[in-house]
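Data block for final39.tsv (TSV, C-alpha atoms and all ligand atoms):
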chain	number	residue	atom	x	y	z
A	1	MET	CA	-31.77	8.61	3.75
A	2	THR	CA	-32.02	4.79	3.73
A	3	ALA	CA	-30.28	2.66	6.30
A	4	THR	CA	-29.11	-0.80	5.20
A	5	LEU	CA	-28.51	-3.59	7.69
A	6	ILE	CA	-25.86	-6.13	6.72
A	7	THR	CA	-26.76	-9.44	8.31
A	8	GLY	CA	-25.65	-13.06	8.12
A	9	ILE	CA	-22.08	-12.13	9.13
A	10	ALA	CA	-20.59	-15.25	10.71
A	11	GLU	CA	-17.49	-13.35	11.77
A	12	LEU	CA	-17.00	-9.60	11.75
A	13	VAL	CA	-13.45	-8.27	12.06
A	14	THR	CA	-13.74	-4.66	13.27
A	15	ASN	CA	-10.10	-3.79	14.24
A	16	ASP	CA	-11.79	-2.19	17.26
A	17	SER	CA	-10.30	-3.91	20.29
A	18	SER	CA	-13.21	-2.88	22.49
A	19	TRP	CA	-14.89	-5.99	21.02
A	20	SER	CA	-12.09	-8.30	22.18
A	21	ALA	CA	-12.93	-11.23	24.42
A	22	ALA	CA	-11.20	-12.39	27.58
A	23	GLY	CA	-8.45	-14.91	27.00
A	24	GLN	CA	-7.71	-13.99	23.39
A	25	ALA	CA	-4.09	-13.70	22.28
A	26	PRO	CA	-3.11	-10.03	21.73
A	27	ASP	CA	-2.97	-10.30	17.92
A	28	VAL	CA	-6.51	-11.73	17.79
A	29	ALA	CA	-7.84	-9.38	20.48
A	30	ARG	CA	-6.71	-6.42	18.35
A	31	LEU	CA	-8.98	-7.60	15.50
A	32	GLY	CA	-12.08	-6.95	17.67
A	33	ILE	CA	-14.02	-9.92	16.32
A	34	VAL	CA	-17.82	-10.07	16.70
A	35	THR	CA	-19.47	-13.37	15.79
A	36	ASP	CA	-23.01	-13.56	14.36
A	37	ALA	CA	-22.79	-9.83	13.77
A	38	ALA	CA	-24.64	-7.10	11.93
A	39	VAL	CA	-23.56	-3.69	10.63
A	40	LEU	CA	-25.89	-0.79	9.87
A	41	VAL	CA	-24.81	1.53	7.08
A	42	GLU	CA	-26.31	4.89	6.16
A	43	ALA	CA	-25.02	7.32	3.53
A	44	GLY	CA	-21.79	5.38	3.16
A	45	GLU	CA	-21.05	5.48	6.87
A	46	VAL	CA	-21.21	2.86	9.61
A	47	VAL	CA	-23.92	3.91	12.10
A	48	TRP	CA	-24.22	0.75	14.24
A	49	VAL	CA	-22.13	-2.41	14.86
A	50	GLY	CA	-22.92	-5.35	17.10
A	51	PRO	CA	-24.43	-8.80	17.53
A	52	ALA	CA	-27.22	-9.54	15.06
A	53	SER	CA	-29.58	-10.33	17.94
A	54	ALA	CA	-29.42	-6.67	19.03
A	55	ALA	CA	-29.58	-5.08	15.57
A	56	PRO	CA	-31.83	-2.04	15.08
A	57	GLN	CA	-34.55	-1.75	12.42
A	58	ALA	CA	-33.46	-0.78	8.91
A	59	ASP	CA	-35.01	0.20	5.59
A	60	SER	CA	-33.31	-2.64	3.75
A	61	ARG	CA	-31.16	-5.67	4.42
A	62	VAL	CA	-28.20	-7.36	2.76
A	63	ASP	CA	-27.69	-10.94	3.93
A	64	VAL	CA	-24.12	-12.17	3.32
A	65	GLY	CA	-25.13	-15.75	4.15
A	66	GLY	CA	-22.56	-16.80	6.74
A	67	CYS	CA	-19.52	-15.02	5.29
A	68	ALA	CA	-16.79	-13.17	7.15
A	69	VAL	CA	-16.75	-9.37	6.81
A	70	MET	CA	-13.75	-7.18	7.55
A	71	PRO	CA	-12.44	-3.66	6.93
A	72	GLY	CA	-11.59	-3.20	3.26
A	73	PHE	CA	-7.97	-3.87	2.40
A	74	VAL	CA	-5.84	-0.73	2.20
A	75	ASP	CA	-3.19	-0.97	-0.50
A	76	SER	CA	-0.93	1.84	0.68
A	77	HIS	CA	1.83	1.41	-1.94
A	78	THR	CA	1.17	1.10	-5.68
A	79	HIS	CA	2.48	2.43	-8.98
A	80	LEU	CA	-0.73	1.90	-10.99
A	81	VAL	CA	-0.38	4.58	-13.69
A	82	PHE	CA	1.79	3.11	-16.42
A	83	ALA	CA	1.68	1.68	-19.93
A	84	GLY	CA	3.29	-1.49	-21.26
A	85	ASP	CA	4.57	-4.39	-19.21
A	86	ARG	CA	7.92	-6.05	-18.48
A	87	ALA	CA	7.04	-9.73	-18.66
A	88	ALA	CA	10.31	-10.49	-20.48
A	89	GLU	CA	12.29	-8.82	-17.67
A	90	PHE	CA	10.41	-11.00	-15.18
A	91	ALA	CA	11.23	-14.14	-17.16
A	92	ALA	CA	14.91	-13.15	-17.27
A	93	ARG	CA	14.88	-12.56	-13.54
A	94	MET	CA	13.42	-15.98	-12.88
A	95	ALA	CA	16.33	-17.31	-14.93
A	96	GLY	CA	18.83	-15.52	-12.68
A	97	THR	CA	19.14	-11.88	-13.78
A	98	ALA	CA	19.18	-9.53	-10.79
A	99	TYR	CA	16.78	-6.58	-10.44
A	100	ASP	CA	18.57	-3.22	-10.39
A	101	GLY	CA	15.89	-0.69	-11.34
A	102	GLY	CA	17.22	-0.32	-14.89
A	103	GLY	CA	13.98	-1.65	-16.38
A	104	ILE	CA	12.05	1.35	-15.07
A	105	ALA	CA	13.29	3.25	-18.17
A	106	THR	CA	11.28	0.87	-20.38
A	107	THR	CA	8.08	1.73	-18.51
A	108	VAL	CA	8.90	5.46	-18.57
A	109	ALA	CA	9.19	5.34	-22.37
A	110	ALA	CA	5.93	3.43	-22.79
A	111	THR	CA	4.10	5.70	-20.34
A	112	ARG	CA	5.33	8.92	-21.92
A	113	GLY	CA	4.17	7.57	-25.28
A	114	ALA	CA	0.63	6.81	-24.09
A	115	THR	CA	-2.24	9.29	-24.30
A	116	ASP	CA	-4.21	10.36	-21.24
A	117	ASP	CA	-7.13	8.23	-22.35
A	118	GLU	CA	-4.96	5.18	-22.87
A	119	LEU	CA	-3.51	5.56	-19.37
A	120	ARG	CA	-6.98	6.22	-17.93
A	121	THR	CA	-8.31	2.99	-19.44
A	122	LEU	CA	-5.37	0.95	-18.14
A	123	LEU	CA	-5.72	2.51	-14.70
A	124	ALA	CA	-9.47	1.88	-14.55
A	125	ALA	CA	-8.93	-1.80	-15.35
A	126	ARG	CA	-6.33	-2.10	-12.58
A	127	ILE	CA	-8.59	-0.36	-10.06
A	128	ALA	CA	-11.44	-2.72	-10.98
A	129	GLU	CA	-9.06	-5.66	-10.58
A	130	LEU	CA	-8.01	-4.71	-7.08
A	131	ARG	CA	-11.58	-3.95	-5.99
A	132	ARG	CA	-12.63	-7.42	-7.12
A	133	GLN	CA	-10.07	-8.71	-4.63
A	134	GLY	CA	-11.30	-6.72	-1.65
A	135	THR	CA	-9.24	-3.50	-1.74
A	136	THR	CA	-11.31	-0.42	-0.91
A	137	THR	CA	-8.53	2.16	-0.49
A	138	VAL	CA	-5.48	2.63	-2.67
A	139	GLU	CA	-2.46	4.91	-2.70
A	140	ILE	CA	-0.91	5.64	-6.11
A	141	LYS	CA	2.52	7.05	-6.90
A	142	SER	CA	3.73	8.84	-10.00
A	143	GLY	CA	7.27	7.99	-11.11
A	144	TYR	CA	6.98	6.81	-14.72
A	145	GLY	CA	6.81	10.35	-16.15
A	146	LEU	CA	10.02	11.94	-14.84
A	147	SER	CA	9.44	15.25	-16.61
A	148	VAL	CA	7.41	18.14	-15.20
A	149	GLU	CA	4.62	17.61	-17.69
A	150	ASP	CA	4.50	13.81	-17.45
A	151	GLU	CA	4.74	13.62	-13.66
A	152	LEU	CA	1.83	16.07	-13.36
A	153	ARG	CA	-0.14	14.07	-15.92
A	154	LEU	CA	0.29	10.85	-13.91
A	155	LEU	CA	-0.60	12.59	-10.65
A	156	ARG	CA	-3.75	14.07	-12.21
A	157	LEU	CA	-4.81	10.67	-13.54
A	158	ALA	CA	-4.15	9.07	-10.16
A	159	ARG	CA	-6.20	11.77	-8.43
A	160	GLU	CA	-9.17	10.85	-10.64
A	161	VAL	CA	-9.40	7.49	-8.85
A	162	THR	CA	-8.04	8.12	-5.33
A	163	PRO	CA	-7.31	10.98	-2.94
A	164	HIS	CA	-4.12	9.21	-1.77
A	165	VAL	CA	-1.51	10.37	-4.26
A	166	THR	CA	2.30	10.42	-3.95
A	167	PHE	CA	4.82	12.42	-5.99
A	168	LEU	CA	7.68	10.10	-6.98
A	169	GLY	CA	9.58	12.30	-9.43
A	170	ALA	CA	12.69	10.82	-7.79
A	171	HIS	CA	11.97	7.25	-8.85
A	172	VAL	CA	15.10	7.00	-11.00
A	173	VAL	CA	17.27	9.48	-12.89
A	174	PRO	CA	15.84	9.50	-16.42
A	175	ALA	CA	18.15	8.65	-19.32
A	176	GLU	CA	18.32	12.24	-20.60
A	177	TYR	CA	19.86	13.33	-17.26
A	178	ALA	CA	22.19	10.32	-16.76
A	179	ALA	CA	25.26	12.47	-17.37
A	180	ASP	CA	24.08	15.24	-15.04
A	181	ARG	CA	22.29	13.87	-11.97
A	182	ALA	CA	22.59	17.24	-10.22
A	183	ALA	CA	20.50	18.85	-12.95
A	184	TYR	CA	17.75	16.27	-12.44
A	185	LEU	CA	17.82	16.91	-8.69
A	186	ASP	CA	17.41	20.62	-9.41
A	187	LEU	CA	14.45	19.87	-11.68
A	188	VAL	CA	12.72	17.64	-9.12
A	189	THR	CA	13.24	19.98	-6.17
A	190	GLY	CA	12.62	23.09	-8.29
A	191	PRO	CA	10.06	23.40	-11.08
A	192	MET	CA	8.63	19.88	-10.72
A	193	LEU	CA	7.91	20.13	-7.00
A	194	ALA	CA	6.66	23.70	-7.40
A	195	ALA	CA	4.15	22.60	-10.06
A	196	VAL	CA	3.00	19.62	-7.96
A	197	VAL	CA	2.39	21.86	-4.96
A	198	ALA	CA	0.81	24.69	-6.97
A	199	GLN	CA	-1.71	22.25	-8.43
A	200	GLY	CA	-2.31	20.44	-5.14
A	201	ALA	CA	-1.49	17.30	-7.13
A	202	ALA	CA	-0.08	15.14	-4.30
A	203	THR	CA	-0.21	14.66	-0.54
A	204	TYR	CA	3.09	12.78	-0.24
A	205	VAL	CA	6.63	12.89	-1.58
A	206	ASP	CA	8.60	9.66	-2.02
A	207	VAL	CA	12.12	8.76	-3.20
A	208	PHE	CA	13.65	5.46	-4.35
A	209	CYS	CA	16.62	5.68	-1.97
A	210	GLU	CA	18.88	2.80	-2.94
A	211	PRO	CA	22.62	3.41	-3.29
A	212	LEU	CA	23.00	-0.14	-4.63
A	213	SER	CA	21.08	0.83	-7.77
A	214	ALA	CA	22.92	3.13	-10.18
A	215	HIS	CA	19.52	4.44	-11.30
A	216	ALA	CA	18.07	5.31	-7.90
A	217	PHE	CA	19.12	7.93	-5.34
A	218	THR	CA	21.83	8.09	-2.69
A	219	GLU	CA	21.23	9.09	0.90
A	220	ASP	CA	22.36	12.68	0.33
A	221	GLU	CA	20.28	13.05	-2.84
A	222	ALA	CA	17.22	11.55	-1.16
A	223	ARG	CA	17.60	13.83	1.85
A	224	VAL	CA	17.65	16.93	-0.36
A	225	ILE	CA	14.53	15.84	-2.25
A	226	LEU	CA	12.54	14.72	0.79
A	227	ARG	CA	13.43	17.86	2.75
A	228	ALA	CA	12.30	20.00	-0.16
A	229	GLY	CA	9.04	18.07	-0.42
A	230	ARG	CA	8.46	18.32	3.30
A	231	ALA	CA	9.21	22.05	3.33
A	232	ALA	CA	6.64	22.45	0.55
A	233	GLY	CA	3.99	20.79	2.72
A	234	LEU	CA	4.10	17.17	1.53
A	235	ALA	CA	4.28	14.26	3.97
A	236	VAL	CA	7.19	11.88	3.51
A	237	ARG	CA	7.22	8.24	2.35
A	238	VAL	CA	10.43	6.41	1.36
A	239	HIS	CA	11.40	3.38	-0.74
A	240	GLY	CA	14.25	2.03	1.38
A	241	ASN	CA	16.45	-1.00	2.08
A	242	GLN	CA	14.97	-2.99	-0.82
A	243	LEU	CA	18.07	-4.35	-2.56
A	244	GLY	CA	20.47	-4.44	0.37
A	245	PRO	CA	21.35	-2.74	3.64
A	246	GLY	CA	21.23	1.02	3.20
A	247	PRO	CA	20.31	4.44	4.48
A	248	GLY	CA	16.60	4.54	3.52
A	249	VAL	CA	15.12	3.48	6.84
A	250	ARG	CA	17.45	5.69	8.85
A	251	LEU	CA	16.64	8.66	6.64
A	252	ALA	CA	12.89	8.02	6.81
A	253	CYS	CA	13.04	7.99	10.61
A	254	GLU	CA	15.21	11.11	10.66
A	255	LEU	CA	12.70	12.99	8.52
A	256	GLY	CA	9.57	11.81	10.34
A	257	ALA	CA	8.27	9.81	7.38
A	258	VAL	CA	4.81	8.30	7.75
A	259	SER	CA	6.13	5.09	6.20
A	260	VAL	CA	9.27	3.46	4.87
A	261	ASP	CA	8.52	0.75	2.38
A	262	HIS	CA	10.29	-2.54	1.52
A	263	CYS	CA	12.50	-2.83	4.69
A	264	THR	CA	13.97	-6.05	3.36
A	265	TYR	CA	17.51	-5.59	4.71
A	266	LEU	CA	17.61	-4.00	8.18
A	267	SER	CA	20.28	-3.36	10.79
A	268	ASP	CA	19.53	-3.45	14.52
A	269	ALA	CA	19.79	0.35	14.52
A	270	ASP	CA	17.14	0.54	11.74
A	271	VAL	CA	14.73	-1.58	13.78
A	272	ALA	CA	15.38	0.50	16.90
A	273	ALA	CA	14.81	3.75	14.97
A	274	LEU	CA	11.50	2.49	13.57
A	275	ALA	CA	10.31	1.46	17.03
A	276	GLU	CA	11.35	4.78	18.52
A	277	THR	CA	9.95	7.13	15.87
A	278	GLY	CA	6.73	5.29	15.01
A	279	THR	CA	7.49	5.43	11.28
A	280	VAL	CA	5.53	2.50	9.84
A	281	ALA	CA	7.47	-0.32	8.16
A	282	THR	CA	5.47	-1.24	5.06
A	283	LEU	CA	6.38	-4.72	3.87
A	284	LEU	CA	5.83	-5.65	0.23
A	285	PRO	CA	6.47	-9.40	0.08
A	286	GLY	CA	5.13	-9.69	-3.46
A	287	VAL	CA	8.38	-7.94	-4.46
A	288	GLU	CA	10.56	-10.62	-2.87
A	289	PHE	CA	8.36	-13.25	-4.54
A	290	SER	CA	8.96	-11.63	-7.94
A	291	THR	CA	12.64	-10.74	-7.54
A	292	ARG	CA	13.86	-13.81	-5.61
A	293	HIS	CA	15.20	-11.63	-2.80
A	294	PRO	CA	14.87	-13.01	0.73
A	295	TYR	CA	11.67	-12.03	2.50
A	296	PRO	CA	11.79	-9.23	5.12
A	297	ASP	CA	11.96	-10.31	8.75
A	298	ALA	CA	8.52	-9.30	9.97
A	299	ARG	CA	8.90	-11.09	13.31
A	300	ARG	CA	11.96	-9.04	14.18
A	301	LEU	CA	9.96	-5.85	13.53
A	302	LEU	CA	6.81	-6.96	15.34
A	303	ASP	CA	8.73	-8.26	18.33
A	304	ALA	CA	10.52	-4.90	18.59
A	305	GLY	CA	7.16	-3.08	18.66
A	306	VAL	CA	7.42	-1.58	15.17
A	307	ALA	CA	4.12	-0.73	13.44
A	308	VAL	CA	3.94	-2.95	10.34
A	309	ALA	CA	1.82	-2.49	7.21
A	310	LEU	CA	1.37	-4.70	4.15
A	311	ALA	CA	0.80	-3.54	0.57
A	312	THR	CA	1.22	-4.88	-2.96
A	313	ASP	CA	3.64	-2.38	-4.58
A	314	CYS	CA	1.70	-3.21	-7.76
A	315	ASN	CA	4.04	-2.14	-10.60
A	316	PRO	CA	5.22	-3.64	-13.89
A	317	GLY	CA	8.78	-4.27	-12.67
A	318	THR	CA	9.19	-5.79	-9.24
A	319	CYS	CA	5.68	-7.02	-8.49
A	320	TYR	CA	2.77	-7.07	-10.90
A	321	THR	CA	0.06	-8.26	-8.53
A	322	SER	CA	-2.94	-6.26	-7.36
A	323	SER	CA	-3.93	-8.92	-4.84
A	324	MET	CA	-3.89	-8.07	-1.16
A	325	PRO	CA	-5.07	-11.63	-0.32
A	326	PHE	CA	-1.94	-12.94	-2.06
A	327	VAL	CA	0.20	-10.54	0.00
A	328	ILE	CA	-1.54	-11.65	3.21
A	329	ALA	CA	-0.93	-15.31	2.34
A	330	LEU	CA	2.77	-14.57	1.69
A	331	ALA	CA	3.00	-12.65	4.96
A	332	VAL	CA	1.67	-15.64	6.88
A	333	ARG	CA	3.56	-18.36	5.05
A	334	GLU	CA	6.87	-16.64	4.35
A	335	LEU	CA	7.10	-13.72	6.80
A	336	ARG	CA	5.76	-15.81	9.70
A	337	MET	CA	3.17	-13.24	10.65
A	338	THR	CA	0.11	-14.75	12.32
A	339	PRO	CA	-3.06	-14.58	10.21
A	340	ALA	CA	-4.36	-11.95	12.63
A	341	GLU	CA	-1.19	-9.85	12.37
A	342	ALA	CA	-1.26	-10.04	8.58
A	343	LEU	CA	-4.90	-8.97	8.29
A	344	TYR	CA	-4.37	-6.11	10.74
A	345	ALA	CA	-1.28	-4.95	8.82
A	346	ALA	CA	-3.21	-5.04	5.51
A	347	THR	CA	-6.06	-2.94	6.93
A	348	ALA	CA	-5.41	-0.81	10.03
A	349	GLY	CA	-1.63	-0.94	9.57
A	350	SER	CA	-1.65	0.37	6.02
A	351	ALA	CA	-4.56	2.74	6.77
A	352	ARG	CA	-2.43	4.46	9.42
A	353	THR	CA	0.11	5.50	6.78
A	354	LEU	CA	-2.69	7.32	4.92
A	355	GLY	CA	-4.14	9.04	7.98
A	356	LEU	CA	-7.05	6.58	8.17
A	357	ARG	CA	-8.11	4.05	10.78
A	358	GLY	CA	-9.09	0.96	8.77
A	359	ARG	CA	-11.72	-0.19	11.22
A	360	ILE	CA	-15.43	-0.92	11.25
A	361	ALA	CA	-16.89	1.38	13.87
A	362	VAL	CA	-19.58	4.03	14.20
A	363	GLY	CA	-18.65	7.13	12.23
A	364	GLU	CA	-16.16	5.35	9.97
A	365	PRO	CA	-16.67	5.02	6.20
A	366	ALA	CA	-18.43	1.80	5.23
A	367	ASP	CA	-15.39	0.41	3.39
A	368	LEU	CA	-16.15	-3.27	3.83
A	369	THR	CA	-14.77	-6.47	2.38
A	370	VAL	CA	-16.61	-9.76	2.38
A	371	LEU	CA	-14.94	-13.15	2.25
A	372	ASP	CA	-16.70	-16.12	0.71
A	373	ALA	CA	-15.70	-18.14	3.79
A	374	PRO	CA	-16.72	-18.18	7.46
A	375	SER	CA	-13.47	-16.77	8.89
A	376	TYR	CA	-10.65	-14.37	8.01
A	377	LEU	CA	-8.31	-17.32	8.55
A	378	HIS	CA	-9.29	-18.55	5.09
A	379	LEU	CA	-7.38	-15.64	3.50
A	380	ALA	CA	-4.07	-17.41	4.11
A	381	TYR	CA	-5.51	-20.91	4.46
A	382	ARG	CA	-6.85	-20.88	0.88
A	383	PRO	CA	-4.17	-19.01	-1.11
A	384	GLY	CA	-4.97	-18.15	-4.70
A	385	VAL	CA	-8.70	-18.71	-4.26
A	386	PRO	CA	-10.73	-15.58	-5.12
A	387	LEU	CA	-12.66	-15.36	-1.84
A	388	ALA	CA	-12.47	-11.62	-1.11
A	389	SER	CA	-14.44	-8.84	-2.73
A	390	THR	CA	-15.58	-5.37	-1.73
A	391	LEU	CA	-19.07	-5.25	-0.26
A	392	LYS	CA	-21.28	-2.74	-2.00
A	393	VAL	CA	-24.03	-1.37	0.25
B	1	LIG	O1	8.80	-0.27	-5.43
B	1	LIG	N1	11.93	0.12	-6.21
B	1	LIG	C1	11.52	0.98	-6.94
B	1	LIG	N2	10.32	1.10	-7.49
B	1	LIG	C2	9.40	0.01	-7.67
B	1	LIG	C3	9.72	-0.78	-8.88
B	1	LIG	C4	9.43	-0.02	-10.10
B	1	LIG	C5	9.75	-0.76	-11.36
B	1	LIG	O2	10.64	-1.62	-11.41
B	1	LIG	O3	9.08	-0.41	-12.35
B	1	LIG	C6	9.33	-0.82	-6.41
B	1	LIG	O4	9.78	-1.96	-6.34
B	2	FE	FE	7.28	0.84	-5.01
Transcribe the structure of this file into structure tokens.
Ligand code: NIG
Ligand code: FE
Amino acid sequence: MTATLITGIAELVTNDSSWSAAGQAPDVARLGIVTDAAVLVEAGEVVWVGPASAAPQADSRVDVGGCAVMPGFVDSHTHLVFAGDRAAEFAARMAGTAYDGGGIATTVAATRGATDDELRTLLAARIAELRRQGTTTVEIKSGYGLSVEDELRLLRLAREVTPHVTFLGAHVVPAEYAADRAAYLDLVTGPMLAAVVAQGAATYVDVFCEPLSAHAFTEDEARVILRAGRAAGLAVRVHGNQLGPGPGVRLACELGAVSVDHCTYLSDADVAALAETGTVATLLPGVEFSTRHPYPDARRLLDAGVAVALATDCNPGTCYTSSMPFVIALAVRELRMTPAEALYAATAGSARTLGLRGRIAVGEPADLTVLDAPSYLHLAYRPGVPLASTLKV
């Protein structure tokens, strides 16, 4: 087994606060920064971390030449398996048309019409795209199949590229069930869920809970679906409070969801419930960028002690970016998160929702991202510049 020493790290962000220094603000202390650092990697695992001056011997070395290194970005919310795009819908939205979820039907039709190999090729290109921008871990949802066969197909394709897969049969009610929503609910909670579980096709169940969209699901419908998923052994994630105030966050907290995503419109009771239950609030500011909704109030959540994560929501409708650096820059500029809070939320914060730690420490997977800059601060300081990439060891 060969051990590789990564050297030349001007600044190493570990997310391990045992490396914090006296006098640091809490958000920076939590990043566990080591300057002039080295990391030893063996068999894909971190086996030593510390100052370069104390580094052990190794079989080989990778010198990153004064760059910053950090835990790989964790994109904990994506919809990467789809065909077609909705550029025209985006253009209409920029001209004033509101988003209501109706466009999802366009993507469902294109996705159903694509072969497995076509979808596999599209998915591989998207995965390569997000890796080039520093993402090492990705969650993928189904939701553009909306039949037993097509949902399973999307979950299988997702599973080929990541272990973090979410069943979103309740994305919207498909056109063929528009006149009988109850029948679609029966399908999702009956044969569709049974097939997902029988094939071990997903770890999570998710619902687009948004009473303001005629296409998405009400509180009562979402509760039935999420309870069924949970009873079948799936952990719960929720799309909630995206288009306006609503029941999604409350429901997620009630059901012990690992994460409730969007959180754009929150009541005081929602914030209190998140703080009390520990359900993570996953913010997706690329969506507000692409739909012209107001940005979520991250400060209100952080100041209340809510655990916050950041992800892209990469999908052809509300946010077609695969760039976690873009999301981090938005979080700093528009959500008023500090650069340290934003990086933590995009790594350890999102990792937590997938049962991972998102830190660089002994025994952790060597999922590392390198920045072509001396400090993590450059992520938000130099928006749009392709500085981040995954570090292959
Ligand atoms: O997370 N809100 C629901 N689902 C996606 C959008 C999907 C689409 O419009 O294709 C989201 O924003
Ligand atoms: Fe989404």
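If you measure from each of A:Thr318, A:Thr97, A:Ser76, A:Thr203 to ligand LIG 1 (chain B) using only C-alpha atoms and all ligand atoms, the closest one turns out to be A:Thr318.
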key: Surrounding residues as a PyMOL selection string, ligand LIG 1 (chain B), max 10 Å, all atoms listed in the file   = chain A and resi 77-79+82+85-86+89+99-108+141+143-144+168+170-172+207-210+213+215-216+238-243+261-262+284+286-288+290-291+312-320
Can I get the selected residues back with C-alpha atoms, as an mmCIF file, in the coordinates of the input?
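Generated file (result.cif):
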data_model
loop_
_atom_site.group_PDB
_atom_site.id
_atom_site.type_symbol
_atom_site.label_atom_id
_atom_site.label_comp_id
_atom_site.auth_asym_id
_atom_site.auth_seq_id
_atom_site.Cartn_x
_atom_site.Cartn_y
_atom_site.Cartn_z
ATOM 1 C CA HIS A 77 1.830 1.410 -1.940
ATOM 2 C CA THR A 78 1.170 1.100 -5.680
ATOM 3 C CA HIS A 79 2.480 2.430 -8.980
ATOM 4 C CA PHE A 82 1.790 3.110 -16.420
ATOM 5 C CA ASP A 85 4.570 -4.390 -19.210
ATOM 6 C CA ARG A 86 7.920 -6.050 -18.480
ATOM 7 C CA GLU A 89 12.290 -8.820 -17.670
ATOM 8 C CA TYR A 99 16.780 -6.580 -10.440
ATOM 9 C CA ASP A 100 18.570 -3.220 -10.390
ATOM 10 C CA GLY A 101 15.890 -0.690 -11.340
ATOM 11 C CA GLY A 102 17.220 -0.320 -14.890
ATOM 12 C CA GLY A 103 13.980 -1.650 -16.380
ATOM 13 C CA ILE A 104 12.050 1.350 -15.070
ATOM 14 C CA ALA A 105 13.290 3.250 -18.170
ATOM 15 C CA THR A 106 11.280 0.870 -20.380
ATOM 16 C CA THR A 107 8.080 1.730 -18.510
ATOM 17 C CA VAL A 108 8.900 5.460 -18.570
ATOM 18 C CA LYS A 141 2.520 7.050 -6.900
ATOM 19 C CA GLY A 143 7.270 7.990 -11.110
ATOM 20 C CA TYR A 144 6.980 6.810 -14.720
ATOM 21 C CA LEU A 168 7.680 10.100 -6.980
ATOM 22 C CA ALA A 170 12.690 10.820 -7.790
ATOM 23 C CA HIS A 171 11.970 7.250 -8.850
ATOM 24 C CA VAL A 172 15.100 7.000 -11.000
ATOM 25 C CA VAL A 207 12.120 8.760 -3.200
ATOM 26 C CA PHE A 208 13.650 5.460 -4.350
ATOM 27 C CA CYS A 209 16.620 5.680 -1.970
ATOM 28 C CA GLU A 210 18.880 2.800 -2.940
ATOM 29 C CA SER A 213 21.080 0.830 -7.770
ATOM 30 C CA HIS A 215 19.520 4.440 -11.300
ATOM 31 C CA ALA A 216 18.070 5.310 -7.900
ATOM 32 C CA VAL A 238 10.430 6.410 1.360
ATOM 33 C CA HIS A 239 11.400 3.380 -0.740
ATOM 34 C CA GLY A 240 14.250 2.030 1.380
ATOM 35 C CA ASN A 241 16.450 -1.000 2.080
ATOM 36 C CA GLN A 242 14.970 -2.990 -0.820
ATOM 37 C CA LEU A 243 18.070 -4.350 -2.560
ATOM 38 C CA ASP A 261 8.520 0.750 2.380
ATOM 39 C CA HIS A 262 10.290 -2.540 1.520
ATOM 40 C CA LEU A 284 5.830 -5.650 0.230
ATOM 41 C CA GLY A 286 5.130 -9.690 -3.460
ATOM 42 C CA VAL A 287 8.380 -7.940 -4.460
ATOM 43 C CA GLU A 288 10.560 -10.620 -2.870
ATOM 44 C CA SER A 290 8.960 -11.630 -7.940
ATOM 45 C CA THR A 291 12.640 -10.740 -7.540
ATOM 46 C CA THR A 312 1.220 -4.880 -2.960
ATOM 47 C CA ASP A 313 3.640 -2.380 -4.580
ATOM 48 C CA CYS A 314 1.700 -3.210 -7.760
ATOM 49 C CA ASN A 315 4.040 -2.140 -10.600
ATOM 50 C CA PRO A 316 5.220 -3.640 -13.890
ATOM 51 C CA GLY A 317 8.780 -4.270 -12.670
ATOM 52 C CA THR A 318 9.190 -5.790 -9.240
ATOM 53 C CA CYS A 319 5.680 -7.020 -8.490
ATOM 54 C CA TYR A 320 2.770 -7.070 -10.900
#
ask   = So which residues touch Leu387 in chain A within 8 Å, counting all atoms listed in the file, skipping near sequence neighbours fewer than 2 positions away, as a list of chain:residue names?
value = A:Gln133, A:Leu371, A:Asp372, A:Ala373, A:Leu379, A:Val385, A:Ser389
query = Residues at most 7 Å from range 9-26 of chain A, counting all atoms listed in the file, excluding those fewer than 2 positions away in the same chain, as a PyMOL selection string?
reply = chain A and resi 7+28-38+64-71+348+359-361+374-375
request  = Could you please determine the separation between CA of Val47 in chain A and CA of Leu354 in chain A in Å, to one decimal place?
outcome  = 22.7 Å
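The list of residues within 7 Å of (3.4, 11.8, -3.6), counted using only C-alpha atoms, is A:Lys141, A:Val165, A:Thr166, A:Phe167, A:Leu168, A:Ala202, A:Thr203, A:Tyr204, A:Val205, A:Asp206.
Remark: for ligand FE 2 (chain B), the closest of the candidate residues A:Ser53, A:Thr282, A:Thr111, A:Thr136 is A:Thr282 (distances computed over all atoms listed in the file).
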Neighbour list for range 40-43 of chain A as a ChimeraX atom specification, cut-off 10 Å, only C-alpha atoms, skip fewer than 2 positions in-chain = /A:1-7,38,45-50,55-62,362-366,393
ask   = In Å, with one decimal, what is the gap from CA of Glu341 in chain A to CA of Arg292 in chain A?
value = 23.8 Å
message = I want to know what sits within 12 Å of Val308 in chain A, based on all atoms listed in the file, with residues of the same chain fewer than 2 positions away left out; could you give that as a ChimeraX atom specification?
response = /A:76,258-263,271,274-275,278-284,296-306,310-311,331,335,337,341-353
Specify the axis-aligned box that encloses all atoms of range 243-247 of chain A listed in the file after padding of 3 Å on each side, stating its centre and edge lengths in Å to one decimal as AutoDock Vina command-line options.
--center_x 19.7 --center_y 0.0 --center_z 1.0 --size_x 9.3 --size_y 14.9 --size_z 13.0
request  = Calculate how many Å separate CA of Ala109 in chain A from CA of Ala179 in chain A, rounding to one decimal.
outcome  =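 Answer for the CA of Ala109 in chain A to CA of Ala179 in chain A separation: 18.3 Å.
Counting all atoms listed in the file and comparing A:Val39, A:Met94, A:Ile140, A:Ile127, the residue that lies closest to ligand FE 2 (chain B) is A:Ile140.
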